[in-house]
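Heads up: the structure comes next, in C-alpha cells.
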Amino acid sequence: IEPVQPHSVHTLVFRSLKRTHDMFLSERDCLPAPDPTADQVRRAVKAKDQFGPVLHMQSSAKTARPAAGKQAAIAAAPAGSDGADSKSALIPASAASAASQAASSADPGSAASSAAAANTASVQVGEERMLVPKRAPLMPKPDWHPPWKLYRVISGHTGWVRCVAVDPLNRYFVTGAADRLIKIWDLASGTLKLSLTGHISTVRGLQVSDRHPFLFSCSEDKTVRCWDLEENKVVRHYHGHLSAVYGLTLHPTLDLLVTCGRDATARLWDMRTKLCIHTLAGHSSTVAAVASQSAEPQLVTGSHDCTVRLWDIAAGKSLVTLTNHKKSVRALAIHPTQFTFATGAPDNIKQWKFPDGQFLQNFSGHNAIVNALALNEDGVLVSGADNGSLHMWDWRTGSCFQRHTSPVQPGSIDSEAGIFALAFDRSGSRLITAEADKTVKIYKEDETATEETHPVNWRPGLLKKARY
C-alpha cells in the first residue's frame with residue numbers, strides 16, 4: 001500500500017471547496033420548474049392589488065356581451081379583440097389574462113412542457129422563456145506572465161533615491177535622490193554618464209520630454225526646473241508652489257507641465273512661457289501623485305486626503321472625485337493602451353475606468369504602504385512598498401503572480417528596504433526601482449521560465465472580491 005501524503009487542514013479545506021465548486025458550477029443557471037398554480041395566484045393577487053379600483057370598469061364596459069363570453073374576451077384581448085376594445089381596456093393584457101387564469105385550471109400538458117424546458121439552460125422571465133449563456137466563473141483565469149528577477153544593482157547616490165525616469169529612446173534613465181543630485185545612467189551598461197546639481201533639497205520628481213531635449217525636475221525646495229540636456233544646464237524655473245513639490249508629469253501631446261505638492265494643489269504650467277495656466281485646488285491635503293493622458297479627462301491626481309480627482313484642464317475644474325480609498329493615495333499608473341488606470345494606497349490597489357472613474361476591481365494582498373506603481377503594455381502591474389516588497393499583478397484579472405522582497409545593500413539596515421519609485425523602460429522588459437538603501441535596482445523577465453516550470457496559481461471562486 002502506497003503511503004498517503006499528509007496535508008494540512010487548510011489545504012484539505014480548500015481542495016474540498018474546489019471540488020464542491022466544480023460539482024455545482026454546471027447547474028448554476030438551471031432553475032427549478034415554475035409552479036403554474038402558484039404563478040396564477042401571484043398574478044391574481046397582483047391584479048387585485050394594482051388594478052382593484054378599475055376592475056369593475058373593465059367589466060361594465062362590456063355589459064352588452066354575454067356573461068359567458070366576458071372572461072374569454074378578457075383572456076383573448078391581446079390576440080382576438082378588435083381595435084376599439086384594446087384601446088378602451090384599462091387593465092393591461094397580462095394582468096387581465098392572469099385574472100382569468102386564476103379561475104381556470106392549469107393545462108397539464110403545458111405544465112409538463114414547462115418543467116422539461118426548465119431543466120434546460122433557460123430562464124423564465126414573466127411569460128417568456130429565454131436561453132441565456134452560463135455564467136462565467138467569479139474569478140477568470142489570469143494570463144501567464146514570466147517571473148521577474150533581479151539582475152543589476154547600481155550604487156552611486158548618497159541618499160534615498162526618490163524618483164526615476166526613462167529616456168524616450170531607451171538609451172538612458174535618470175534618478176533623483178535625497179543627496180540633491182540628478183544622475184543620468186546608461187541603461188544598457190548601468191554606468192554613470194552625468195550628474196546635475198542645482199537643487200538645494202531632495203529631488204522628488206523627474207520627467208524626460210518626448211518632443212524636446214529637456215529634463216524636468218521638482219524638489220522639496222519648492223522649485224521646478226527645466227534642464228537642457230544638450231547644454232546640461234537649467235534653462236527655466238517655474239515659481240508658484242508654496243511648499244515642497246512631490247510630483248510632476250508632462251502632457252503627451254501639448255506643451256504643458258503639471259506639478260503637485262504639499263500645498264494641496266496641482267499646477268498647470270505653460271512649458272515655454274513659464275506661466276501658471278491653472279491652479280487646480282480641491283484637495284484638502286498633500287497631492288502626492290499626478291498623471292496625464294491625451295484623452296479626456298486629461299489629468300488625474302491622488303492625494304493624502306484619500307481621494308482621487310479627474311480634472312478638466314480647459315476649465316481648470318474637477319470633473320469626478322473618487323472617494324473609495326480609505327488611506328492616502330500615493331501612486332498612480334495609467335494603462336498605455338487601455339482606457340483604464342490604477343491607484344495605490346495602503347488599504348488597496350484599485351483599478352478604474354475612464355472617463356467617469358468607474359470602479360472595476362481591487363488588487364488585494366499588498367499589505368504595506370504602497371509608494372509606487374508601474375504598468376506596461378503586457379498587462380503587468382508592479383507595486384512597490386515601504387517595506388521593500390514588490391508585487392507583480394495580472395492587469396486583467398487582478399491576480400498576483402509574483403511576490404518579491406528587495407534585498408538591501410550590504411551595510412544597510414533592514415529598515416532601509418523601502419521602494420520609492422518604479423519605472424518600466426520603453427520596451428516594458430526592464431523594471432527600474434528607486435530604493436531607500438541608496439541603490440537603483442533593475443529587474444528583467446526570466447527568459448528560461450515557461451508555463452510548465454512556473455504554472456499559474458489559480459483558485460477559481462475561492463477569493464471573494466470587494467465590490468467597491
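Labels for the C-alpha cells follow display order: chains A, B, ..., residues from 1 in each chain, ligands from 1.
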Item to check | Selection: 8 Å around range 333-347 of chain A, only C-alpha atoms, excl. self and same-chain fewer than 4 positions, as number ranges by chain | outcome: A: 291, 293, 302, 325-329, 351-355, 366-377, 383
Checklist entry - So which bits of range 131-324 of chain A end up strand (DSSP E or B) when you DSSP the backbone, as a PyMOL selection string? => result chain A and resi 131+148-155+161-166+172-177+181-186+192-197+203-208+214-219+224-228+233-238+245-250+256-261+265-270+276-281+287-292+299-303+308-312+317-322
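Closest to Asp386 in chain A among A:Val408, A:Ala38, A:Ala417, A:Val4 is A:Ala417, based on only C-alpha atoms.
CA of Asp35 in chain A is found 21.1 Å from CA of Asp49 in chain A.
Note that CA of Phe420 in chain A and CA of Pro252 in chain A are 23.8 Å apart.
You can rank A:Val166, A:Trp185, A:Tyr246, A:Asp255 by their closest distance to Gly428 in chain A using only C-alpha atoms, and at the top of that list sits A:Val166.
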Checklist outcome for this item: Min atom-atom distance to Thr191 in chain A from the set A:Val161, A:Val153, A:Ala289, A:Ala281, counting only C-alpha atoms, belongs to A:Val153
